[in-house]
file structure.txt (compact mmCIF, C-alpha atoms and all ligand atoms)
# COMPACT_ATOMS: atom_id res chain seq x y z
CA MET O 1 154.69 190.14 7.40
CA LYS O 2 155.71 190.41 11.05
CA ALA O 3 159.21 191.70 11.83
CA ILE O 4 161.05 193.10 14.82
CA ARG O 5 161.81 196.79 14.24
CA VAL O 6 164.21 199.00 16.14
CA GLN O 7 163.17 202.67 15.87
CA GLN O 8 165.85 204.00 18.27
CA PHE O 9 168.98 202.55 19.93
CA GLY O 10 168.54 201.50 23.55
CA GLY O 11 167.74 198.61 25.91
CA PRO O 12 165.92 195.41 24.95
CA GLY O 13 162.60 197.33 25.19
CA VAL O 14 163.29 199.00 21.82
CA LEU O 15 162.64 195.66 20.05
CA HIS O 16 159.02 195.81 18.79
CA LEU O 17 157.12 193.31 16.63
CA MET O 18 155.43 195.22 13.79
CA ASP O 19 153.69 194.67 10.45
CA VAL O 20 155.91 195.53 7.49
CA PRO O 21 155.50 194.92 3.74
CA ASP O 22 156.74 191.54 2.44
CA PRO O 23 160.11 191.99 0.69
CA SER O 24 160.36 190.76 -2.89
CA PRO O 25 163.55 189.41 -4.45
CA GLY O 26 165.34 191.47 -7.09
CA GLU O 27 167.98 190.18 -9.46
CA GLY O 28 170.40 187.82 -7.67
CA GLN O 29 168.29 187.79 -4.48
CA VAL O 30 166.52 185.06 -2.50
CA LEU O 31 163.44 185.38 -0.26
CA VAL O 32 163.56 182.98 2.70
CA ALA O 33 160.49 182.02 4.77
CA VAL O 34 162.13 182.06 8.20
CA LYS O 35 161.50 179.11 10.56
CA ALA O 36 164.12 179.97 13.23
CA VAL O 37 166.47 182.86 14.03
CA GLY O 38 169.81 182.67 15.87
CA VAL O 39 170.41 185.28 18.61
CA ASN O 40 174.02 186.50 18.91
CA PRO O 41 175.54 188.87 21.50
CA VAL O 42 176.55 191.29 18.71
CA GLU O 43 172.86 192.03 18.02
CA THR O 44 172.54 193.39 21.57
CA TYR O 45 175.57 195.69 21.11
CA ILE O 46 174.15 196.98 17.80
CA ARG O 47 170.69 197.48 19.37
CA ALA O 48 172.26 199.44 22.23
CA GLY O 49 174.05 201.70 19.72
CA THR O 50 177.45 200.87 21.27
CA TYR O 51 178.85 198.77 18.41
CA VAL O 52 181.35 200.05 15.87
CA VAL O 53 178.76 199.55 13.11
CA LYS O 54 175.44 201.39 13.47
CA PRO O 55 172.62 200.57 11.02
CA ALA O 56 170.36 203.33 9.73
CA LEU O 57 167.16 203.53 11.81
CA PRO O 58 164.65 201.94 11.73
CA TYR O 59 166.05 198.47 11.11
CA THR O 60 165.33 194.76 11.65
CA PRO O 61 168.14 193.00 13.58
CA GLY O 62 169.90 189.74 12.88
CA GLY O 63 171.67 187.87 10.12
CA ASP O 64 171.39 184.22 11.15
CA ALA O 65 168.21 182.40 10.17
CA ALA O 66 167.11 179.09 8.72
CA GLY O 67 164.06 178.37 6.63
CA VAL O 68 162.73 177.53 3.19
CA VAL O 69 163.32 179.43 -0.03
CA GLU O 70 160.02 181.09 -0.97
CA ALA O 71 161.04 182.92 -4.15
CA VAL O 72 164.16 183.78 -6.14
CA GLY O 73 165.01 186.72 -8.39
CA ASP O 74 166.45 186.58 -11.91
CA GLY O 75 169.86 184.98 -12.24
CA VAL O 76 169.76 182.94 -9.04
CA ALA O 77 171.24 179.53 -9.78
CA ARG O 78 172.36 177.98 -6.45
CA VAL O 79 168.92 177.59 -4.81
CA LYS O 80 165.27 177.27 -5.86
CA PRO O 81 161.89 177.66 -4.12
CA GLY O 82 161.33 174.88 -1.59
CA ASP O 83 165.03 174.41 -0.73
CA ARG O 84 166.00 174.29 2.96
CA VAL O 85 168.68 176.90 3.69
CA TYR O 86 170.49 178.75 6.46
CA THR O 87 171.53 182.38 6.10
CA ALA O 88 174.85 184.09 6.67
CA GLY O 89 173.66 187.67 6.69
CA THR O 90 170.55 189.17 5.11
CA VAL O 91 169.55 192.36 3.30
CA THR O 92 166.39 193.06 5.34
CA GLY O 93 167.16 191.46 8.77
CA ALA O 94 166.63 187.99 10.20
CA TYR O 95 164.28 188.79 13.14
CA ALA O 96 161.27 188.48 10.81
CA ALA O 97 158.86 186.04 9.19
CA LYS O 98 160.72 186.47 5.88
CA ALA O 99 164.27 187.53 5.10
CA LEU O 100 165.57 188.89 1.81
CA CYS O 101 169.14 187.76 1.08
CA ASN O 102 171.71 188.14 -1.64
CA GLU O 103 172.41 184.74 -3.22
CA PRO O 104 175.88 184.30 -1.63
CA GLN O 105 174.25 184.73 1.82
CA VAL O 106 172.17 181.51 1.59
CA HIS O 107 173.59 178.03 2.06
CA PRO O 108 172.03 174.56 1.85
CA LEU O 109 170.73 172.98 5.06
CA PRO O 110 170.84 169.16 5.04
CA GLU O 111 167.54 167.34 5.78
CA HIS O 112 168.73 165.91 9.11
CA VAL O 113 169.60 169.36 10.54
CA THR O 114 166.65 171.13 12.21
CA PHE O 115 165.80 174.74 11.37
CA GLN O 116 166.71 175.66 14.97
CA GLN O 117 170.16 174.16 14.42
CA GLY O 118 170.41 175.89 11.04
CA ALA O 119 169.80 179.23 12.75
CA ALA O 120 172.71 178.43 15.10
CA LEU O 121 175.25 177.94 12.31
CA ASN O 122 176.50 181.14 10.78
CA VAL O 123 178.06 183.45 13.37
CA PRO O 124 179.07 180.73 15.87
CA TYR O 125 180.54 178.21 13.41
CA ALA O 126 182.07 180.73 11.02
CA THR O 127 183.64 182.64 13.93
CA ALA O 128 185.04 179.50 15.53
CA TYR O 129 186.39 178.22 12.21
CA ARG O 130 188.06 181.51 11.28
CA ALA O 131 189.58 181.87 14.75
CA LEU O 132 190.88 178.31 14.95
CA PHE O 133 192.03 177.56 11.42
CA ILE O 134 192.53 180.91 9.65
CA ARG O 135 193.86 183.13 12.46
CA ALA O 136 195.49 180.59 14.84
CA LYS O 137 196.38 178.16 12.01
CA ALA O 138 195.70 175.25 14.39
CA VAL O 139 196.82 171.83 13.17
CA PRO O 140 196.10 168.24 14.26
CA GLY O 141 198.03 167.18 17.34
CA GLU O 142 197.98 170.63 18.94
CA THR O 143 196.19 171.43 22.19
CA VAL O 144 193.52 174.15 22.29
CA LEU O 145 191.88 175.84 25.27
CA VAL O 146 188.41 177.07 24.34
CA HIS O 147 188.03 179.72 27.03
CA GLY O 148 184.23 179.99 27.19
CA ALA O 149 183.21 176.70 25.57
CA SER O 150 179.59 176.49 26.71
CA GLY O 151 178.16 179.24 24.47
CA GLY O 152 177.37 179.44 20.76
CA VAL O 153 180.93 180.06 19.52
CA GLY O 154 182.53 177.84 22.17
CA THR O 155 180.49 174.70 21.44
CA ALA O 156 181.17 175.23 17.73
CA ALA O 157 184.90 175.61 18.41
CA VAL O 158 185.01 172.40 20.45
CA GLN O 159 183.33 170.46 17.62
CA TRP O 160 185.64 171.91 14.91
CA ALA O 161 188.76 171.29 16.98
CA ARG O 162 187.83 167.77 18.01
CA ALA O 163 187.01 166.79 14.42
CA ALA O 164 190.36 168.20 13.25
CA GLY O 165 192.40 166.08 15.66
CA LEU O 166 193.32 168.61 18.33
CA THR O 167 193.27 167.89 22.05
CA VAL O 168 190.47 170.07 23.38
CA VAL O 169 190.19 171.68 26.82
CA GLY O 170 186.98 173.70 27.26
CA THR O 171 185.76 175.93 30.08
CA ALA O 172 182.30 176.78 31.42
CA GLY O 173 181.01 178.57 34.50
CA SER O 174 178.52 176.02 35.88
CA PRO O 175 178.17 172.25 36.32
CA GLY O 176 175.57 172.19 33.51
CA GLY O 177 178.01 174.06 31.27
CA ILE O 178 180.78 171.59 32.11
CA ASP O 179 178.51 168.67 31.13
CA LEU O 180 177.66 170.42 27.87
CA VAL O 181 181.32 171.08 27.03
CA LYS O 182 182.11 167.39 27.54
CA SER O 183 179.06 166.29 25.57
CA VAL O 184 180.12 168.29 22.49
CA GLY O 185 183.49 166.57 22.43
CA ALA O 186 186.01 168.29 24.73
CA HIS O 187 188.61 165.90 26.13
CA HIS O 188 188.69 167.94 29.36
CA ALA O 189 186.28 170.51 30.86
CA LEU O 190 187.21 173.03 33.57
CA ASN O 191 185.22 175.64 35.48
CA HIS O 192 186.43 179.19 34.73
CA LYS O 193 184.95 180.28 38.07
CA SER O 194 187.13 177.83 40.08
CA ALA O 195 190.47 178.90 41.56
CA GLY O 196 193.46 177.25 39.89
CA TYR O 197 191.67 176.06 36.74
CA LEU O 198 194.34 177.49 34.42
CA GLU O 199 197.05 175.64 36.36
CA GLN O 200 194.94 172.51 35.81
CA ALA O 201 194.82 173.28 32.08
CA MET O 202 198.60 173.68 32.08
CA ALA O 203 199.01 170.36 33.91
CA LEU O 204 196.85 168.65 31.25
CA THR O 205 199.53 169.60 28.69
CA GLY O 206 202.27 168.05 30.83
CA GLY O 207 203.59 171.55 31.62
CA LYS O 208 204.23 172.45 27.95
CA GLY O 209 201.35 174.93 27.77
CA LEU O 210 198.47 175.41 25.37
CA ASP O 211 199.29 175.78 21.67
CA VAL O 212 196.11 177.74 20.98
CA ILE O 213 193.67 179.63 23.20
CA LEU O 214 190.34 180.84 21.81
CA GLU O 215 189.34 183.68 24.13
CA MET O 216 185.67 184.70 24.58
CA LEU O 217 186.28 187.23 27.40
CA ALA O 218 189.70 188.78 26.87
CA ASN O 219 189.16 191.68 29.28
CA VAL O 220 189.01 189.14 32.11
CA ASN O 221 191.40 186.46 30.88
CA LEU O 222 194.05 187.68 28.43
CA GLY O 223 196.70 188.48 31.03
CA ASN O 224 196.38 185.01 32.57
CA ASP O 225 196.17 183.24 29.18
CA LEU O 226 199.69 184.36 28.28
CA ALA O 227 201.14 182.57 31.29
CA VAL O 228 199.75 179.17 30.18
CA LEU O 229 200.68 179.42 26.48
CA ALA O 230 203.20 177.05 24.94
CA LYS O 231 206.21 178.35 23.03
CA HIS O 232 204.95 179.62 19.64
CA GLY O 233 201.44 179.65 21.13
CA ARG O 234 198.61 181.76 19.73
CA VAL O 235 195.72 183.45 21.55
CA VAL O 236 192.80 184.54 19.40
CA VAL O 237 190.70 187.33 20.90
CA ILE O 238 187.12 186.58 19.85
CA GLY O 239 185.25 188.43 22.59
CA SER O 240 186.20 191.29 24.93
CA ARG O 241 184.02 193.62 26.96
CA GLY O 242 186.58 196.04 28.37
CA LYS O 243 190.26 196.83 28.85
CA VAL O 244 192.91 194.40 30.14
CA GLU O 245 196.50 194.60 31.36
CA ILE O 246 199.07 192.14 30.01
CA ASP O 247 202.76 191.45 30.66
CA ALA O 248 204.31 191.76 27.18
CA ARG O 249 207.34 189.72 28.32
CA GLN O 250 205.05 186.68 28.40
CA ILE O 251 204.60 187.00 24.63
CA MET O 252 208.24 187.84 23.92
CA GLY O 253 209.69 184.89 25.81
CA ARG O 254 207.44 182.42 24.03
CA ASP O 255 207.55 183.84 20.48
CA ALA O 256 203.79 183.94 21.04
CA ASP O 257 201.10 185.74 19.05
CA ILE O 258 197.94 187.52 20.14
CA CYS O 259 195.56 187.61 17.18
CA GLY O 260 192.45 189.73 16.85
CA MET O 261 189.50 188.21 15.03
CA THR O 262 186.31 189.78 13.73
CA LEU O 263 184.11 187.73 11.46
CA MET O 264 183.12 190.86 9.55
CA ASN O 265 186.71 190.98 8.23
CA ALA O 266 186.36 187.61 6.49
CA THR O 267 187.05 187.83 2.76
CA PRO O 268 184.64 186.32 0.20
CA HIS O 269 187.23 183.58 -0.39
CA GLU O 270 187.37 182.77 3.35
CA LEU O 271 183.57 182.76 3.57
CA SER O 272 183.21 180.26 0.74
CA GLN O 273 185.85 178.07 2.41
CA ILE O 274 184.05 178.34 5.79
CA HIS O 275 180.58 177.51 4.45
CA ALA O 276 181.92 174.57 2.43
CA ALA O 277 183.49 173.27 5.66
CA ILE O 278 180.21 173.78 7.56
CA LEU O 279 178.27 171.77 4.95
CA ALA O 280 180.85 168.97 5.04
CA GLY O 281 180.80 168.94 8.86
CA LEU O 282 176.99 168.74 8.93
CA GLN O 283 177.00 165.96 6.35
CA ASN O 284 179.59 163.89 8.21
CA HIS O 285 177.90 164.63 11.58
CA THR O 286 180.97 166.17 13.23
CA LEU O 287 179.05 169.48 13.55
CA ASN O 288 175.90 169.32 15.62
CA PRO O 289 174.64 172.73 16.91
CA VAL O 290 173.28 172.69 20.46
CA ILE O 291 170.06 174.61 21.15
CA ASN O 292 169.61 176.18 24.58
CA CYS O 293 166.01 177.39 24.22
CA GLU O 294 163.37 178.57 21.77
CA ILE O 295 161.61 181.91 22.31
CA ALA O 296 158.75 183.42 20.28
CA LEU O 297 159.85 186.26 17.96
CA VAL O 298 157.53 188.65 19.78
CA ASP O 299 159.66 188.08 22.91
CA ALA O 300 162.96 189.09 21.25
CA ALA O 301 163.63 191.46 24.18
CA LYS O 302 163.64 188.49 26.57
CA ALA O 303 166.14 186.70 24.30
CA HIS O 304 168.44 189.73 24.37
CA GLY O 305 168.31 189.76 28.16
CA LEU O 306 169.14 186.05 28.34
CA VAL O 307 172.04 186.13 25.87
CA MET O 308 173.82 188.76 27.97
CA ALA O 309 172.97 187.14 31.33
CA GLY O 310 175.57 184.33 30.99
CA GLY O 311 175.13 180.73 32.04
CA SER O 312 174.39 179.86 28.41
CA HIS O 313 174.11 176.25 27.41
CA GLY O 314 174.18 176.51 23.64
CA LYS O 315 172.15 178.72 21.36
CA ILE O 316 169.06 180.85 21.96
CA VAL O 317 166.73 180.83 18.93
CA LEU O 318 163.68 182.91 18.08
CA ILE O 319 160.67 181.33 16.36
CA PRO O 320 158.60 183.68 14.11
P1 LIG S 1 177.36 183.13 24.40
O1 LIG S 1 176.65 182.03 23.70
O2 LIG S 1 176.59 184.10 25.23
O3 LIG S 1 178.52 182.46 25.31
C1 LIG S 1 179.33 183.22 26.16
C2 LIG S 1 180.44 182.32 26.68
O4 LIG S 1 181.36 183.08 27.46
C3 LIG S 1 179.90 181.20 27.57
O5 LIG S 1 180.57 180.00 27.25
C4 LIG S 1 180.28 181.69 28.94
O6 LIG S 1 180.43 180.63 29.89
C5 LIG S 1 181.63 182.31 28.62
N1 LIG S 1 182.18 183.06 29.76
C6 LIG S 1 181.54 183.73 30.75
N2 LIG S 1 182.43 184.17 31.66
C7 LIG S 1 183.65 183.75 31.24
C8 LIG S 1 184.98 183.86 31.75
N3 LIG S 1 185.24 184.53 32.89
N4 LIG S 1 185.98 183.30 31.06
C9 LIG S 1 185.76 182.64 29.91
N5 LIG S 1 184.54 182.49 29.37
C10 LIG S 1 183.51 183.04 30.03
O7 LIG S 1 178.18 184.03 23.37
P2 LIG S 1 178.89 183.58 21.99
O8 LIG S 1 177.95 183.78 20.87
O9 LIG S 1 179.50 182.25 22.19
O10 LIG S 1 180.01 184.71 21.87
C11 LIG S 1 181.11 184.73 22.80
C12 LIG S 1 181.81 186.09 22.73
O11 LIG S 1 182.40 186.25 21.45
C13 LIG S 1 180.87 187.29 22.91
O12 LIG S 1 181.53 188.31 23.61
C14 LIG S 1 180.60 187.74 21.48
O13 LIG S 1 180.26 189.11 21.40
C15 LIG S 1 181.92 187.42 20.83
N6 LIG S 1 181.83 187.15 19.40
C16 LIG S 1 182.75 187.76 18.59
C17 LIG S 1 182.75 187.50 17.24
C18 LIG S 1 183.81 188.13 16.38
O14 LIG S 1 183.66 188.19 15.16
N7 LIG S 1 184.91 188.56 16.98
C19 LIG S 1 181.78 186.68 16.68
C20 LIG S 1 180.87 186.05 17.53
C21 LIG S 1 180.90 186.30 18.89
P3 LIG S 1 179.39 180.41 31.11
O15 LIG S 1 178.13 181.09 30.73
O16 LIG S 1 179.29 178.90 31.20
O17 LIG S 1 180.06 181.03 32.30
call {"tool": "encode", "arguments": {"input": "structure.txt", "output": "structure tokens", "more": "lines below"}}
Ligand code: NAP
result
Amino acid sequence: MKAIRVQQFGGPGVLHLMDVPDPSPGEGQVLVAVKAVGVNPVETYIRAGTYVVKPALPYTPGGDAAGVVEAVGDGVARVKPGDRVYTAGTVTGAYAAKALCNEPQVHPLPEHVTFQQGAALNVPYATAYRALFIRAKAVPGETVLVHGASGGVGTAAVQWARAAGLTVVGTAGSPGGIDLVKSVGAHHALNHKSAGYLEQAMALTGGKGLDVILEMLANVNLGNDLAVLAKHGRVVVIGSRGKVEIDARQIMGRDADICGMTLMNATPHELSQIHAAILAGLQNHTLNPVINCEIALVDAAKAHGLVMAGGSHGKIVLIP
């Protein structure tokens, strides 16, 4: 089969499409014929060799795919050949024509959800859910600022929060991004490149402040976030690409919390909760992943360039 292989850490040019042997499922494993692959920023950090986790070389990147079950190993009970599934991690890598998974890594994909949308589910929706409900413990009636709402995680967060009865303020960096943020359900959309947009967010709460902020770029925003938090407010740091200075008094005076969040820390119990919620949200149509563009698997390097370039309007997917 064809698969992207990384032989050495480096720039996007180290992503090469190669012929590799087809994997075959062992006990408790599932082989998925991949129809679409979700591209996440973390795969660029891992490829560059700058991420905290470094896979053994050579490796095939990615964990988010959607496709059809081709074969199952002994003892697999939850899926059978022919089932439509999305993956939440793989054993052999998702940037490939086929992906070998452990059974708990595959989840049912309803008929009305496209494979492209299925590939956009795992990291974005699981991250947004864990940040909003498990770390921030957001509840209906609260107000959330999704700081970076036009990307994969942000659009997912807006949909989760809206469906749960929060008032949702989302930000984007372009007029197209603003339209997208509104179209996925935000009550208000602001441009994070405009002067005074956080004061506008504050005004939307009647001066009380935001109960929850989901932060996609903490190195730029965390210091300013604290000034627009409500009393007992929570900021969840989802993304950060450098250091930041904060005024700790802003947390103290509000009894506020800054929470870190890494999806990799999710427990098996949390993951089963998250994927049950994703299935329910797909079935009741409150979750509806937005696809930015489709790129051929052979052009994975181009996808890595685009995902880090900004200006995203939803999810970039690779098609094997
Ligand atoms: P993405 O699809 O590339 O989206 C990036 C988002 O960041 C866009 O909405 C972008 O808005 C926004 N952004 C750009 N400049 C910003 C600013 N100054 N203030 C606020 N937002 C800004 O990426 P993603 O998949 O949604 O991931 C978002 C971040 O979370 C990445 O850093 C990623 O590495 C991280 N992440 C962390 C975890 C975890 O487990 N902690 C999991 C998934 C992702 P515009 O392009 O419209 O300006």
call {"tool": "axis_aligned_box", "arguments": {"input": "structure.txt", "around": "region 95-106 of chain O", "padding_each_side": "6 Å", "output": "JSON"}}
result
{"center_x": 167.4, "center_y": 185.2, "center_z": 5.0, "size_x": 29.0, "size_y": 19.4, "size_z": 28.4}
call {"tool": "residues_around", "arguments": {"input": "structure.txt", "residues": "region 223-227 of chain O", "least_positions_apart": "4", "cutoff": "7 Å", "atoms": "all atoms listed in the file", "output": "CSV table (one decimal) with C-alpha atoms, in the frame of the given file"}}
result
chain,number,residue,atom,x,y,z
O,245,GLU,CA,196.5,194.6,31.4
O,246,ILE,CA,199.1,192.1,30.0
O,247,ASP,CA,202.8,191.4,30.7
O,250,GLN,CA,205.0,186.7,28.4
O,251,ILE,CA,204.6,187.0,24.6
call {"tool": "residues_around", "arguments": {"input": "structure.txt", "residues": "Gln200 (chain O)", "least_positions_apart": "4", "cutoff": "12 Å", "atoms": "only C-alpha atoms", "output": "list in words"}}
result
Leu145, Val169, Gly170, Thr171, His188, Ala189, Leu190, Asn191, His192, Ser194, Ala195, Gly196, Leu204, Thr205, Gly206, Gly207, Gly209, Leu210 and Val228 of chain O
call {"tool": "residues_near_ligand", "arguments": {"input": "structure.txt", "ligand": "ligand LIG 1 (chain S)", "cutoff": "7 Å", "atoms": "all atoms listed in the file", "output": "ChimeraX atom specification"}}
result
/O:40-42,123-124,127,147-154,171-174,177,192-193,215-217,220-221,238-241,261-264,307-308,310-315
call {"tool": "closest_residue", "arguments": {"input": "structure.txt", "among": "O:Pro110, O:His187, O:Tyr129, O:Thr143", "to": "Asn284 (chain O)", "atoms": "all atoms listed in the file"}}
result
O:Pro110
call {"tool": "closest_residue", "arguments": {"input": "structure.txt", "among": "O:Gly233, O:Gly242, O:Pro23, O:Gly281", "to": "Glu142 (chain O)", "atoms": "all atoms listed in the file"}}
result
O:Gly233
call {"tool": "atom_distance", "arguments": {"input": "structure.txt", "atom1": "CA of Val39 (chain O)", "atom2": "CA of His304 (chain O)"}}
result
7.5 Å
call {"tool": "decode", "arguments": {"input": "structure.txt", "residues": "region 2-20 of chain O", "atoms": "N, CA, C and O atoms", "output": "compact mmCIF listing (two decimals), in the first residue's frame"}}
result
# COMPACT_ATOMS: atom_id res chain seq x y z
N LYS O 2 0.26 2.38 -0.34
CA LYS O 2 0.96 3.66 -0.29
C LYS O 2 0.85 4.26 1.13
O LYS O 2 -0.24 4.21 1.72
N ALA O 3 1.93 4.83 1.61
CA ALA O 3 1.90 5.51 2.91
C ALA O 3 2.94 6.61 2.91
O ALA O 3 3.97 6.49 2.23
N ILE O 4 2.66 7.67 3.64
CA ILE O 4 3.68 8.70 3.85
C ILE O 4 4.67 8.17 4.89
O ILE O 4 4.26 7.66 5.94
N ARG O 5 5.95 8.28 4.60
CA ARG O 5 6.98 7.86 5.56
C ARG O 5 7.89 9.04 5.86
O ARG O 5 8.25 9.82 4.96
N VAL O 6 8.24 9.16 7.14
CA VAL O 6 9.21 10.16 7.57
C VAL O 6 10.47 9.39 7.98
O VAL O 6 10.43 8.58 8.90
N GLN O 7 11.57 9.63 7.24
CA GLN O 7 12.83 8.91 7.52
C GLN O 7 13.70 9.70 8.49
O GLN O 7 14.59 9.15 9.13
N GLN O 8 13.51 11.05 8.50
CA GLN O 8 14.29 11.91 9.41
C GLN O 8 13.42 13.11 9.77
O GLN O 8 12.57 13.52 8.97
N PHE O 9 13.61 13.67 10.97
CA PHE O 9 12.84 14.85 11.37
C PHE O 9 13.31 16.05 10.56
O PHE O 9 14.48 16.16 10.19
N GLY O 10 12.36 16.96 10.25
CA GLY O 10 12.74 18.15 9.48
C GLY O 10 11.52 18.87 8.95
O GLY O 10 10.41 18.71 9.48
N GLY O 11 11.71 19.67 7.89
CA GLY O 11 10.63 20.45 7.29
C GLY O 11 9.65 19.56 6.56
O GLY O 11 9.82 18.34 6.50
N PRO O 12 8.60 20.18 5.96
CA PRO O 12 7.58 19.40 5.27
C PRO O 12 8.15 18.48 4.19
O PRO O 12 7.57 17.43 3.87
N GLY O 13 9.32 18.82 3.64
CA GLY O 13 9.95 18.02 2.58
C GLY O 13 10.35 16.62 3.01
O GLY O 13 10.68 15.78 2.17
N VAL O 14 10.31 16.32 4.32
CA VAL O 14 10.67 14.96 4.75
C VAL O 14 9.48 13.99 4.64
O VAL O 14 9.63 12.80 4.94
N LEU O 15 8.32 14.51 4.21
CA LEU O 15 7.14 13.64 4.04
C LEU O 15 7.17 13.04 2.64
O LEU O 15 7.01 13.77 1.65
N HIS O 16 7.39 11.73 2.53
CA HIS O 16 7.50 11.08 1.22
C HIS O 16 6.47 9.96 1.10
O HIS O 16 6.32 9.15 2.02
N LEU O 17 5.79 9.90 -0.05
CA LEU O 17 4.86 8.79 -0.31
C LEU O 17 5.67 7.58 -0.79
O LEU O 17 6.44 7.69 -1.74
N MET O 18 5.47 6.44 -0.11
CA MET O 18 6.27 5.25 -0.44
C MET O 18 5.36 4.03 -0.48
O MET O 18 4.24 4.06 0.00
N ASP O 19 5.90 2.93 -1.05
CA ASP O 19 5.21 1.64 -0.99
C ASP O 19 5.67 0.90 0.26
O ASP O 19 6.87 0.79 0.50
N VAL O 20 4.70 0.44 1.05
CA VAL O 20 5.03 -0.33 2.26
C VAL O 20 4.12 -1.56 2.28
O VAL O 20 3.05 -1.56 1.64
